[in-house]
>>> print(open('upload.csv').read())   # CSV, C-alpha atoms
chain,number,residue,atom,x,y,z
A,13,MET,CA,45.0,185.6,135.0
A,14,ALA,CA,46.6,184.8,131.6
A,15,LYS,CA,50.4,184.9,131.3
A,16,THR,CA,51.7,187.4,128.7
A,17,ASN,CA,55.1,187.6,127.0
A,18,ILE,CA,56.5,191.0,127.2
A,19,ASN,CA,59.2,191.8,124.6
A,20,LEU,CA,60.8,195.1,125.1
A,21,LEU,CA,63.1,194.8,122.1
A,22,PRO,CA,62.3,196.7,119.0
A,23,GLN,CA,60.5,194.6,116.3
A,24,ASP,CA,63.3,194.9,113.8
A,25,LEU,CA,65.8,193.4,116.4
A,26,VAL,CA,63.7,190.3,117.1
A,27,GLY,CA,64.4,187.2,114.9
A,28,SER,CA,61.5,185.3,113.6
A,29,ALA,CA,60.4,182.2,115.5
A,30,SER,CA,61.0,179.9,112.4
A,31,ILE,CA,64.6,181.0,112.1
A,32,SER,CA,65.2,180.3,115.8
A,33,LYS,CA,63.6,176.9,115.4
A,34,ALA,CA,65.8,176.1,112.3
A,35,ALA,CA,68.9,177.3,114.2
A,36,GLU,CA,68.0,175.0,117.2
A,37,LEU,CA,67.4,172.1,114.8
A,38,LEU,CA,70.6,172.7,113.0
A,39,LYS,CA,72.5,172.8,116.3
A,40,ARG,CA,70.9,169.6,117.5
A,41,VAL,CA,71.6,167.8,114.2
A,42,ALA,CA,75.2,168.9,114.3
A,43,ILE,CA,75.6,167.8,117.9
A,44,GLY,CA,74.0,164.4,117.1
A,45,LEU,CA,76.2,163.9,114.1
A,46,ALA,CA,79.3,164.9,116.2
A,47,ALA,CA,78.2,162.4,118.9
A,48,LEU,CA,77.8,159.7,116.2
A,49,PHE,CA,81.2,160.6,114.8
A,50,VAL,CA,82.8,160.1,118.2
A,51,ILE,CA,81.1,156.7,118.5
A,52,LEU,CA,82.1,155.7,115.0
A,53,ALA,CA,85.7,156.9,115.5
A,54,GLY,CA,85.9,155.0,118.8
A,55,LEU,CA,84.7,151.9,117.0
A,56,GLY,CA,87.2,152.5,114.3
A,57,LEU,CA,90.0,152.9,116.8
A,58,ALA,CA,88.9,149.8,118.6
A,59,LEU,CA,88.9,147.8,115.3
A,60,PHE,CA,92.3,149.3,114.5
A,61,LEU,CA,93.7,148.2,117.8
A,62,ILE,CA,92.2,144.7,117.5
A,63,PHE,CA,93.5,144.2,114.0
A,64,ASN,CA,96.8,145.6,114.8
A,65,SER,CA,97.2,143.3,117.7
A,66,ASP,CA,96.2,140.4,115.5
A,67,LEU,CA,98.7,141.5,112.9
A,68,LYS,CA,101.5,141.7,115.4
A,69,ARG,CA,100.7,138.2,116.6
A,70,GLN,CA,100.6,136.9,113.0
A,71,GLN,CA,103.9,138.6,112.2
A,72,ALA,CA,105.5,137.0,115.3
A,73,SER,CA,104.2,133.7,114.0
A,74,VAL,CA,105.6,134.4,110.5
A,75,ASP,CA,109.0,135.3,112.0
A,76,SER,CA,109.0,132.1,114.0
A,77,LEU,CA,108.1,130.1,110.9
A,78,ARG,CA,110.8,131.8,108.8
A,79,ALA,CA,113.3,130.9,111.5
A,80,ASN,CA,112.2,127.3,111.4
A,81,ILE,CA,112.4,127.2,107.7
A,82,ARG,CA,115.9,128.7,107.8
A,83,ASN,CA,116.9,125.9,110.2
A,84,LEU,CA,115.7,123.4,107.5
A,85,GLU,CA,117.7,125.2,104.8
A,86,GLY,CA,119.8,122.1,104.2
A,87,VAL,CA,116.7,120.0,103.6
A,88,GLU,CA,115.3,122.6,101.3
A,89,GLN,CA,118.6,122.7,99.3
A,90,ARG,CA,118.6,118.9,99.0
A,91,LEU,CA,114.9,118.9,97.9
A,92,PHE,CA,115.7,121.6,95.3
A,93,LEU,CA,118.7,119.6,94.1
A,94,VAL,CA,116.6,116.3,93.9
A,95,LYS,CA,113.9,118.1,91.9
A,96,ASP,CA,116.4,119.7,89.5
A,97,ARG,CA,118.1,116.3,88.9
A,98,ILE,CA,114.7,114.5,88.5
A,99,GLN,CA,113.4,117.0,86.0
A,100,LYS,CA,116.6,116.8,83.9
A,101,ALA,CA,116.9,113.0,84.2
A,102,SER,CA,113.3,112.3,83.3
A,103,GLY,CA,113.8,114.1,80.0
A,104,VAL,CA,116.6,111.6,79.2
A,105,ILE,CA,114.6,108.6,80.4
A,106,LYS,CA,111.6,109.6,78.3
A,107,SER,CA,113.7,110.0,75.2
A,108,ARG,CA,115.1,106.5,75.4
A,109,LYS,CA,113.9,104.7,72.2
A,110,ILE,CA,116.7,102.3,71.3
A,111,GLU,CA,116.5,100.8,74.8
A,112,GLU,CA,112.8,100.0,74.1
A,113,LYS,CA,113.8,98.4,70.8
A,114,THR,CA,116.6,96.4,72.5
A,115,ALA,CA,114.0,95.1,75.0
A,116,ALA,CA,111.8,94.2,72.1
A,117,LEU,CA,114.6,92.3,70.4
A,118,ALA,CA,115.3,90.4,73.6
A,119,ARG,CA,111.7,89.3,73.6
A,120,VAL,CA,111.9,88.2,70.0
A,121,LEU,CA,115.1,86.2,70.7
A,122,ALA,CA,113.4,84.5,73.7
A,123,PHE,CA,111.0,82.6,71.4
A,124,MET,CA,113.4,82.0,68.5
A,125,PRO,CA,113.4,78.3,67.6
A,126,SER,CA,116.7,76.3,67.6
A,127,GLY,CA,116.9,76.2,63.8
A,128,MET,CA,117.1,80.0,63.6
A,129,SER,CA,119.6,82.7,64.5
A,130,LEU,CA,119.9,86.4,64.5
A,131,THR,CA,122.5,87.5,61.9
A,132,GLU,CA,122.1,91.3,62.1
A,133,ALA,CA,120.1,93.9,64.0
A,134,GLU,CA,120.3,97.6,63.4
A,135,LEU,CA,118.4,99.7,65.8
A,136,ASP,CA,117.8,103.4,65.6
A,137,VAL,CA,115.3,105.8,67.0
A,138,ALA,CA,112.7,105.3,64.2
A,139,LYS,CA,112.9,101.5,63.4
A,140,SER,CA,114.6,98.2,63.9
A,141,LYS,CA,116.1,96.4,60.9
A,142,LEU,CA,116.4,92.7,61.8
A,143,ALA,CA,118.0,89.9,59.8
A,144,PHE,CA,117.5,86.2,60.6
A,145,SER,CA,118.8,83.1,59.1
A,146,ALA,CA,117.0,79.7,59.2
A,147,THR,CA,118.3,76.3,58.4
A,148,ASP,CA,114.8,74.9,57.7
A,149,SER,CA,111.5,76.2,56.6
A,150,SER,CA,109.4,74.8,59.4
A,151,SER,CA,111.3,76.7,62.2
A,152,LEU,CA,111.2,79.9,60.0
A,153,ALA,CA,107.4,79.5,59.5
A,154,SER,CA,106.8,79.0,63.2
A,155,PHE,CA,109.1,81.9,64.2
A,156,LEU,CA,107.4,84.3,61.7
A,157,ALA,CA,103.9,83.2,62.9
A,158,GLN,CA,105.0,83.8,66.6
A,159,LEU,CA,106.6,87.1,65.7
A,160,VAL,CA,103.3,88.3,64.1
A,161,SER,CA,101.1,87.0,66.9
A,162,SER,CA,103.4,88.4,69.7
A,163,GLY,CA,102.4,92.0,69.0
A,164,ILE,CA,105.9,93.2,69.9
A,165,TYR,CA,106.0,95.4,66.8
A,166,LYS,CA,103.2,97.6,65.5
A,167,GLU,CA,104.3,97.4,61.9
A,168,MET,CA,106.6,94.9,60.1
A,169,THR,CA,107.8,95.0,56.5
A,170,LEU,CA,109.5,92.0,54.9
A,171,LYS,CA,112.5,93.6,53.1
A,172,ASN,CA,114.2,90.5,51.9
A,173,PHE,CA,113.4,86.8,51.7
A,174,SER,CA,116.1,84.6,50.1
A,175,PHE,CA,117.3,81.0,50.1
A,176,ILE,CA,120.9,80.0,49.7
A,177,PRO,CA,121.4,76.2,49.5
A,178,THR,CA,124.6,76.2,51.6
A,179,SER,CA,123.3,78.4,54.5
A,180,GLY,CA,119.5,78.2,54.2
A,181,PHE,CA,116.9,81.0,54.4
A,182,LEU,CA,117.7,84.7,55.0
A,183,VAL,CA,114.9,87.0,56.2
A,184,ILE,CA,115.2,90.8,56.6
A,185,ILE,CA,112.4,92.5,58.5
A,186,GLU,CA,112.0,96.2,59.1
A,187,ALA,CA,109.9,96.7,62.2
A,188,ILE,CA,108.5,99.7,64.0
B,13,MET,CA,70.0,194.8,110.7
B,14,ARG,CA,67.7,191.8,110.1
B,15,SER,CA,70.4,189.9,108.2
B,16,SER,CA,72.9,190.4,111.0
B,17,ILE,CA,70.4,188.8,113.4
B,18,LEU,CA,70.0,185.9,110.9
B,19,ILE,CA,73.7,185.4,110.9
B,20,LYS,CA,73.9,185.6,114.7
B,21,THR,CA,71.1,183.1,115.1
B,22,LEU,CA,72.1,180.6,112.4
B,23,GLY,CA,75.9,181.2,112.3
B,24,ILE,CA,77.0,179.1,115.2
B,25,PRO,CA,74.9,176.0,114.4
B,26,ALA,CA,75.8,176.3,110.7
B,27,LEU,CA,79.5,176.5,111.6
B,28,LEU,CA,79.1,173.5,113.9
B,29,GLY,CA,77.4,171.6,111.1
B,30,ILE,CA,80.3,172.4,108.7
B,31,ILE,CA,82.9,171.3,111.2
B,32,VAL,CA,81.0,168.0,111.7
B,33,ILE,CA,80.8,167.4,108.0
B,34,LEU,CA,84.6,168.2,107.6
B,35,MET,CA,85.3,165.7,110.5
B,36,TYR,CA,83.4,163.0,108.6
B,37,ILE,CA,85.2,163.8,105.4
B,38,PHE,CA,88.8,164.0,106.6
B,39,ALA,CA,89.0,162.4,110.0
B,40,GLY,CA,86.6,159.6,109.0
B,41,GLN,CA,88.6,158.9,105.8
B,42,PHE,CA,91.8,158.8,107.8
B,43,ILE,CA,90.4,156.3,110.3
B,44,TYR,CA,88.8,154.2,107.5
B,45,GLN,CA,92.2,154.1,105.6
B,46,LYS,CA,94.0,153.1,108.8
B,47,VAL,CA,91.6,150.3,109.6
B,48,THR,CA,91.4,148.9,106.0
B,49,GLY,CA,95.2,149.3,105.7
B,50,VAL,CA,95.9,147.2,108.8
B,51,ARG,CA,93.2,144.7,107.7
B,52,ASP,CA,94.9,144.3,104.3
B,53,GLN,CA,98.2,143.8,106.0
B,54,GLN,CA,96.6,141.2,108.2
B,55,GLU,CA,95.3,139.4,105.1
B,56,LEU,CA,98.7,139.4,103.5
B,57,SER,CA,100.3,138.2,106.7
B,58,LYS,CA,97.7,135.5,107.1
B,59,GLN,CA,98.4,134.3,103.5
B,60,GLU,CA,102.2,134.4,104.1
B,61,GLU,CA,101.7,132.5,107.4
B,62,GLN,CA,99.7,129.8,105.6
B,63,ASN,CA,102.4,129.5,102.8
B,64,LEU,CA,105.2,129.3,105.4
B,65,ARG,CA,103.3,126.6,107.4
B,66,LEU,CA,102.8,124.6,104.1
B,67,LYS,CA,106.4,125.0,103.2
B,68,LEU,CA,107.5,123.9,106.7
B,69,ALA,CA,105.2,120.9,106.5
B,70,VAL,CA,106.7,119.9,103.1
B,71,LEU,CA,110.3,120.4,104.4
B,72,ASN,CA,109.5,118.3,107.6
B,73,ASP,CA,107.9,115.7,105.4
B,74,THR,CA,110.8,115.5,103.0
B,75,GLN,CA,113.5,115.7,105.6
B,76,ASN,CA,113.6,111.9,106.1
B,77,THR,CA,112.5,110.9,102.6
B,78,VAL,CA,113.3,112.8,99.4
B,79,ALA,CA,116.3,114.7,100.8
B,80,GLY,CA,118.0,111.4,101.6
B,81,PHE,CA,118.2,110.7,97.9
B,82,SER,CA,120.3,113.8,97.1
B,83,GLU,CA,123.5,111.7,96.7
B,84,ASP,CA,121.8,109.1,94.5
B,85,VAL,CA,120.5,111.7,92.1
B,86,VAL,CA,123.8,113.5,91.8
B,87,ILE,CA,125.5,110.2,91.0
B,88,ALA,CA,122.7,109.5,88.4
B,89,LEU,CA,123.1,112.9,86.8
B,90,PRO,CA,126.5,114.2,87.9
B,91,GLN,CA,127.7,117.8,87.7
B,92,SER,CA,130.6,117.2,85.4
B,93,ASN,CA,131.6,115.0,82.5
B,94,PRO,CA,131.2,111.4,83.7
B,95,THR,CA,133.3,109.7,81.1
B,96,LEU,CA,135.7,107.9,83.5
B,97,VAL,CA,132.8,106.7,85.8
B,98,ALA,CA,130.9,105.6,82.7
B,99,PHE,CA,133.8,103.7,81.3
B,100,SER,CA,134.3,102.0,84.6
B,101,GLN,CA,130.6,101.1,84.8
B,102,ILE,CA,130.6,99.7,81.2
B,103,LYS,CA,133.7,97.7,81.9
B,104,ASN,CA,132.1,96.2,85.1
B,105,ILE,CA,128.9,95.0,83.4
B,106,ALA,CA,130.9,93.7,80.4
B,107,LEU,CA,132.9,91.6,82.9
B,108,GLN,CA,129.8,90.4,84.6
B,109,ASN,CA,128.3,89.3,81.2
B,110,GLN,CA,131.6,88.0,79.8
B,111,ILE,CA,131.7,90.6,77.0
B,112,LEU,CA,134.9,91.8,75.5
B,113,LEU,CA,135.2,95.5,74.7
B,114,SER,CA,137.2,97.1,72.0
B,115,ASN,CA,137.5,100.3,69.8
B,116,MET,CA,136.4,102.6,72.7
B,117,ASN,CA,136.0,106.2,71.5
B,118,VAL,CA,134.8,109.3,73.3
B,119,GLY,CA,133.2,112.2,71.4
B,120,ALA,CA,133.0,115.9,72.2
B,121,GLU,CA,130.6,117.5,74.7
B,122,ILE,CA,127.1,118.2,73.3
B,123,VAL,CA,124.9,120.7,75.3
B,124,ASP,CA,121.2,120.6,74.9
B,125,ALA,CA,118.7,122.5,77.2
B,126,GLY,CA,120.9,122.7,80.2
B,127,VAL,CA,122.0,119.0,80.0
B,128,SER,CA,125.3,118.0,78.5
B,129,LYS,CA,126.2,114.7,77.1
B,130,VAL,CA,129.2,112.9,75.8
B,131,ILE,CA,128.8,110.0,73.3
B,132,MET,CA,131.0,107.0,73.8
B,133,SER,CA,131.2,104.3,71.1
B,134,PHE,CA,132.7,100.9,71.3
B,135,ASP,CA,132.4,97.3,70.1
B,136,ALA,CA,131.2,94.6,72.4
B,137,ASP,CA,131.9,90.9,71.5
B,138,GLY,CA,130.3,87.9,73.1
B,139,ASN,CA,127.5,85.4,72.5
B,140,THR,CA,124.2,86.8,71.4
B,141,ALA,CA,122.3,86.1,74.7
B,142,ALA,CA,125.1,87.6,76.8
B,143,LEU,CA,125.4,90.6,74.4
B,144,ILE,CA,121.6,91.3,74.7
B,145,ALA,CA,121.9,91.0,78.5
B,146,PHE,CA,124.8,93.4,78.5
B,147,LEU,CA,123.0,95.9,76.3
B,148,ARG,CA,119.9,95.8,78.6
B,149,ALA,CA,122.1,96.2,81.6
B,150,LEU,CA,123.4,99.5,80.3
B,151,GLU,CA,120.2,101.3,81.0
B,152,SER,CA,120.4,100.3,84.7
B,153,ILE,CA,123.7,101.9,85.4
B,154,ALA,CA,124.5,105.3,86.8
B,155,PRO,CA,125.3,107.9,85.4
B,156,ILE,CA,122.1,108.1,83.3
B,157,ASN,CA,122.6,107.2,79.7
B,158,LYS,CA,120.8,106.7,76.4
B,159,LEU,CA,121.7,104.4,73.5
B,160,GLU,CA,122.2,106.6,70.4
B,161,LYS,CA,122.9,103.9,67.9
B,162,LEU,CA,123.2,100.1,68.0
B,163,LYS,CA,124.1,97.5,65.4
B,164,VAL,CA,124.4,93.8,66.2
B,165,THR,CA,126.0,91.4,63.8
B,166,ALA,CA,126.0,87.7,64.8
B,167,SER,CA,127.2,84.4,63.5
B,168,ALA,CA,126.8,80.9,64.8
B,169,GLU,CA,129.8,81.3,67.1
B,170,ALA,CA,129.8,84.9,68.2
B,171,ALA,CA,128.1,88.3,68.1
B,172,ARG,CA,129.3,91.8,68.0
B,173,ALA,CA,127.5,95.0,68.9
B,174,SER,CA,128.6,98.3,67.7
B,175,VAL,CA,127.3,100.7,70.4
B,176,SER,CA,127.0,104.5,70.6
B,177,ILE,CA,125.8,105.5,74.0
B,178,GLY,CA,125.4,109.0,75.4
B,179,PHE,CA,126.2,109.8,79.1
B,180,PHE,CA,124.7,112.9,80.6
B,181,TRP,CA,125.6,115.5,83.2
B,182,SER,CA,124.4,118.9,84.3
B,183,ALA,CA,125.7,121.7,86.4
B,184,LEU,CA,124.2,122.0,89.9
B,185,PRO,CA,121.6,124.7,90.5
B,186,LYS,CA,123.1,128.1,91.4
B,187,GLN,CA,120.2,129.5,93.4
B,188,ILE,CA,117.4,128.1,95.5
B,189,THR,CA,114.0,129.8,96.3
B,190,THR,CA,113.7,132.6,98.9
B,191,VAL,CA,112.5,131.7,102.4
B,192,GLY,CA,109.0,133.1,101.6
B,193,GLU,CA,108.7,131.2,98.3
B,194,GLY,CA,106.7,128.0,98.4
B,195,VAL,CA,108.1,124.5,97.8
B,196,THR,CA,106.1,121.5,96.7
B,197,THR,CA,106.6,117.9,97.4
B,198,LEU,CA,107.3,115.5,94.6
B,199,THR,CA,104.5,114.5,92.2
B,200,ALA,CA,103.8,110.8,91.5
B,201,ASP,CA,105.8,111.0,88.2
B,202,GLU,CA,108.7,112.6,90.0
B,203,GLN,CA,108.6,109.9,92.7
B,204,ALA,CA,108.7,107.3,90.0
B,205,THR,CA,111.7,108.9,88.4
B,206,LEU,CA,113.4,109.2,91.7
B,207,GLN,CA,112.9,105.5,92.4
B,208,THR,CA,114.4,104.8,88.9
B,209,LEU,CA,117.4,107.0,89.6
B,210,ALA,CA,117.9,105.6,93.1
B,211,GLY,CA,117.7,102.0,91.7
B,212,LEU,CA,120.5,102.5,89.2
B,213,THR,CA,123.7,100.5,89.7
B,214,GLN,CA,126.1,102.9,91.5
B,215,PRO,CA,129.6,103.3,90.4
B,216,GLU,CA,132.5,102.3,92.6
B,217,PHE,CA,133.7,105.9,92.7
B,218,SER,CA,131.9,109.1,92.2
B,219,GLU,CA,131.8,112.8,93.2
B,220,ASN,CA,129.8,113.6,96.3
B,221,VAL,CA,127.8,116.8,96.7
B,222,GLU,CA,126.9,118.1,100.1
B,223,ALA,CA,124.6,121.0,101.1
B,224,VAL,CA,126.3,123.9,102.9
B,225,PRO,CA,124.7,126.8,104.8
B,226,ALA,CA,123.5,129.2,102.2
B,227,THR,CA,125.2,132.5,101.7
B,228,GLU,CA,123.3,135.8,101.8
B,229,GLY,CA,120.6,135.7,99.1
B,230,ARG,CA,120.7,131.9,99.2
B,231,ALA,CA,123.0,131.7,96.2
B,232,ASP,CA,125.4,129.0,95.3
B,233,PRO,CA,124.0,126.5,97.9
B,234,PHE,CA,126.0,123.5,96.7
B,235,THR,CA,129.6,122.6,96.9
B,236,LEU,CA,131.8,119.8,95.9
B,237,GLY,CA,132.5,117.5,98.9
B,238,GLN,CA,136.0,116.4,99.7
>>> encode(input="upload.csv", output="structure tokens")
Amino acid sequence: MAKTNINLLPQDLVGSASISKAAELLKRVAIGLAALFVILAGLGLALFLIFNSDLKRQQASVDSLRANIRNLEGVEQRLFLVKDRIQKASGVIKSRKIEEKTAALARVLAFMPSGMSLTEAELDVAKSKLAFSATDSSSLASFLAQLVSSGIYKEMTLKNFSFIPTSGFLVIIEAI
Amino acid sequence: MRSSILIKTLGIPALLGIIVILMYIFAGQFIYQKVTGVRDQQELSKQEEQNLRLKLAVLNDTQNTVAGFSEDVVIALPQSNPTLVAFSQIKNIALQNQILLSNMNVGAEIVDAGVSKVIMSFDADGNTAALIAFLRALESIAPINKLEKLKVTASAEAARASVSIGFFWSALPKQITTVGEGVTTLTADEQATLQTLAGLTQPEFSENVEAVPATEGRADPFTLGQ
């Protein structure tokens, strides 16, 4: 015998089947989303706790490193002082020009032949003005040849070349 | 009547849906902000930890090397006018090279880019070779100096150099870096300069500087030793 549904409610009080289905679906979706939210929130909380615990560990390590650095404060001060002095002193060292010209003059004097002597040297930042005297022309010629070939100076200008019978030759050179 | 049934049937599930959406919007945002916030803090902390480790390594490395040169560099570039020390040094190398000094003059202080200098001028007499040796020795004495002007006149018997030489000094640093700030070790150029400064002929007397425990804020870390 076939089963029949008996509904004693009046027709206007009975909701349609599609609305009931929609309501049921909405309820299930809401419950599903709520369950997903709980899972996601739990995951978020777990991540928060893990990250927070890592952060605390890192901060403890940072504090310990800071304490170690404070213990080496004296070293840091000395390093800072050394760097400060080096930076300022290197500026002075790099600006030394007359020292370079004095070294060049020393190299020139090292190969000066016996018949020659330095009579005057005026050294400034830009150039060297050198005066030499020679008793004979052969020593003067060999000296000038060596001076040119030595490459000590990039540029040389002969400013004066004179001969005085009593003292010999006088040569004035401006060198850069 | 029909609309009240619709509200009764759909009302509770719809309300539930709205609550879930609001949970996603507000609670979800709150949790996301908390997690990303702690993650950002963790990144910053990690960076700081790395910087501090690097700084500690540099300090440990320099403890037995660079820091040991602090006295040499202060002698090379003192904190106050070094005229007396400079005069003593010039006199010593003049004696070593058999040079006679005369007409010693000391100029006024000149300040340029945080470094002060005083120009000393004098005449030096001796034979040409000794005079050149004397002049070359000047650059290897402490305090650090620079020839400003030089004129040599020579005859067969003797030579005279009229010298103007600047001696330098600079006030000590007033503040060092904060604990968290990084430090770097010396570059190759700085190492070379340090070797030059350490190799300068030291004076017989000088001022000593020693590091003292830093005050709060790590200011004024240096003091003049007794």
>>> closest_residue(input="upload.csv", among="B:Val164, B:Leu66, B:Val195, B:Leu34", to="chain A", atoms="only C-alpha atoms")
B:Val164
>>> closest_residue(input="upload.csv", among="B:Ile33, B:Ala141, B:Ala79, B:Ala136", to="chain A", atoms="only C-alpha atoms")
B:Ala79
>>> atom_distance(input="upload.csv", atom1="CA of Leu27 in chain B", atom2="CA of Val47 in chain B")
28.9 Å
>>> atom_distance(input="upload.csv", atom1="CA of Asp75 in chain A", atom2="CA of Asn76 in chain B")
24.6 Å
>>> residues_around(input="upload.csv", residues="Leu55 in chain A", least_positions_apart="6", cutoff="12 Å", atoms="all atoms listed in the file", output="number ranges by chain")
A: 48-49, 61-62; B: 40, 43-44, 47
>>> write_last_selection(input="upload.csv", atoms="C-alpha atoms", output="compact mmCIF listing (two decimals), keeping the file's coordinate frame")
# COMPACT_ATOMS: atom_id res chain seq x y z
CA LEU A 48 77.80 159.70 116.20
CA PHE A 49 81.20 160.60 114.80
CA LEU A 61 93.70 148.20 117.80
CA ILE A 62 92.20 144.70 117.50
CA GLY B 40 86.60 159.60 109.00
CA ILE B 43 90.40 156.30 110.30
CA TYR B 44 88.80 154.20 107.50
CA VAL B 47 91.60 150.30 109.60
>>> residues_around(input="upload.csv", residues="Ala47 in chain A", least_positions_apart="5", cutoff="12 Å", atoms="only C-alpha atoms", output="compact mmCIF listing (two decimals) with C-alpha atoms, keeping the file's coordinate frame")
# COMPACT_ATOMS: atom_id res chain seq x y z
CA ARG A 40 70.90 169.60 117.50
CA VAL A 41 71.60 167.80 114.20
CA ALA A 42 75.20 168.90 114.30
CA LEU A 52 82.10 155.70 115.00
CA ALA A 53 85.70 156.90 115.50
CA GLY A 54 85.90 155.00 118.80
CA VAL B 32 81.00 168.00 111.70
CA MET B 35 85.30 165.70 110.50
CA TYR B 36 83.40 163.00 108.60
>>> atom_distance(input="upload.csv", atom1="CA of Pro25 in chain B", atom2="CA of Gly44 in chain A")
11.9 Å
>>> residues_around(input="upload.csv", residues="Ser128 in chain B", least_positions_apart="2", cutoff="12 Å", atoms="only C-alpha atoms", output="PDB file with C-alpha atoms, keeping the file's coordinate frame")
ATOM      1  CA  LYS A 100     116.600 116.800  83.900  1.00  0.00           C
ATOM      2  CA  ALA A 101     116.900 113.000  84.200  1.00  0.00           C
ATOM      3  CA  VAL A 104     116.600 111.600  79.200  1.00  0.00           C
TER       4      VAL A 104
ATOM      5  CA  LEU B  89     123.100 112.900  86.800  1.00  0.00           C
ATOM      6  CA  PRO B  90     126.500 114.200  87.900  1.00  0.00           C
ATOM      7  CA  GLN B  91     127.700 117.800  87.700  1.00  0.00           C
ATOM      8  CA  SER B  92     130.600 117.200  85.400  1.00  0.00           C
ATOM      9  CA  ASN B  93     131.600 115.000  82.500  1.00  0.00           C
ATOM     10  CA  PRO B  94     131.200 111.400  83.700  1.00  0.00           C
ATOM     11  CA  THR B  95     133.300 109.700  81.100  1.00  0.00           C
ATOM     12  CA  ALA B 120     133.000 115.900  72.200  1.00  0.00           C
ATOM     13  CA  GLU B 121     130.600 117.500  74.700  1.00  0.00           C
ATOM     14  CA  ILE B 122     127.100 118.200  73.300  1.00  0.00           C
ATOM     15  CA  VAL B 123     124.900 120.700  75.300  1.00  0.00           C
ATOM     16  CA  ASP B 124     121.200 120.600  74.900  1.00  0.00           C
ATOM     17  CA  ALA B 125     118.700 122.500  77.200  1.00  0.00           C
ATOM     18  CA  GLY B 126     120.900 122.700  80.200  1.00  0.00           C
ATOM     19  CA  VAL B 130     129.200 112.900  75.800  1.00  0.00           C
ATOM     20  CA  ILE B 131     128.800 110.000  73.300  1.00  0.00           C
ATOM     21  CA  ILE B 156     122.100 108.100  83.300  1.00  0.00           C
ATOM     22  CA  ASN B 157     122.600 107.200  79.700  1.00  0.00           C
ATOM     23  CA  GLY B 178     125.400 109.000  75.400  1.00  0.00           C
ATOM     24  CA  PHE B 179     126.200 109.800  79.100  1.00  0.00           C
ATOM     25  CA  PHE B 180     124.700 112.900  80.600  1.00  0.00           C
ATOM     26  CA  TRP B 181     125.600 115.500  83.200  1.00  0.00           C
ATOM     27  CA  SER B 182     124.400 118.900  84.300  1.00  0.00           C
ATOM     28  CA  ALA B 183     125.700 121.700  86.400  1.00  0.00           C
TER      29      ALA B 183
END
>>> residues_around(input="upload.csv", residues="Glu60 in chain B", least_positions_apart="4", cutoff="10 Å", atoms="only C-alpha atoms", output="PDB file with C-alpha atoms, keeping the file's coordinate frame")
ATOM      1  CA  GLN A  70     100.600 136.900 113.000  1.00  0.00           C
ATOM      2  CA  GLN A  71     103.900 138.600 112.200  1.00  0.00           C
ATOM      3  CA  VAL A  74     105.600 134.400 110.500  1.00  0.00           C
ATOM      4  CA  LEU A  77     108.100 130.100 110.900  1.00  0.00           C
TER       5      LEU A  77
ATOM      6  CA  GLN B  54      96.600 141.200 108.200  1.00  0.00           C
ATOM      7  CA  GLU B  55      95.300 139.400 105.100  1.00  0.00           C
ATOM      8  CA  LEU B  56      98.700 139.400 103.500  1.00  0.00           C
ATOM      9  CA  LEU B  64     105.200 129.300 105.400  1.00  0.00           C
ATOM     10  CA  ARG B  65     103.300 126.600 107.400  1.00  0.00           C
ATOM     11  CA  LEU B  66     102.800 124.600 104.100  1.00  0.00           C
ATOM     12  CA  GLY B 192     109.000 133.100 101.600  1.00  0.00           C
ATOM     13  CA  GLU B 193     108.700 131.200  98.300  1.00  0.00           C
ATOM     14  CA  GLY B 194     106.700 128.000  98.400  1.00  0.00           C
TER      15      GLY B 194
END
>>> closest_residue(input="upload.csv", among="A:Asn64, A:Ser30, A:Ser126, A:Gln158", to="chain B", atoms="only C-alpha atoms")
A:Asn64
>>> residues_around(input="upload.csv", residues="Ser150 in chain A", least_positions_apart="2", cutoff="12 Å", atoms="only C-alpha atoms", output="list in words")
Pro125, Ser126, Gly127, Met128, Ala146, Thr147, Asp148, Leu152, Ala153, Ser154, Phe155, Leu156, Ala157, Gly180 and Phe181 of chain A
>>> build_atoms(input="upload.csv", residues="range 28-34 of chain A", atoms="N, CA and C atoms", output="mmCIF file, in the frame of the given file")
data_model
loop_
_atom_site.group_PDB
_atom_site.id
_atom_site.type_symbol
_atom_site.label_atom_id
_atom_site.label_comp_id
_atom_site.auth_asym_id
_atom_site.auth_seq_id
_atom_site.Cartn_x
_atom_site.Cartn_y
_atom_site.Cartn_z
ATOM 1 N N SER A 28 62.770 185.981 113.695
ATOM 2 C CA SER A 28 61.500 185.300 113.600
ATOM 3 C C SER A 28 61.578 183.954 114.284
ATOM 4 N N ALA A 29 60.453 183.436 114.741
ATOM 5 C CA ALA A 29 60.400 182.200 115.500
ATOM 6 C C ALA A 29 60.869 181.005 114.634
ATOM 7 N N SER A 30 60.586 181.032 113.314
ATOM 8 C CA SER A 30 61.000 179.900 112.400
ATOM 9 C C SER A 30 62.500 179.840 112.288
ATOM 10 N N ILE A 31 63.152 180.967 112.227
ATOM 11 C CA ILE A 31 64.600 181.000 112.100
ATOM 12 C C ILE A 31 65.243 180.420 113.383
ATOM 13 N N SER A 32 64.663 180.812 114.528
ATOM 14 C CA SER A 32 65.200 180.300 115.800
ATOM 15 C C SER A 32 65.031 178.790 115.866
ATOM 16 N N LYS A 33 63.868 178.312 115.403
ATOM 17 C CA LYS A 33 63.600 176.900 115.400
ATOM 18 C C LYS A 33 64.639 176.156 114.495
ATOM 19 N N ALA A 34 64.859 176.733 113.300
ATOM 20 C CA ALA A 34 65.800 176.100 112.300
ATOM 21 C C ALA A 34 67.197 176.090 112.939
#
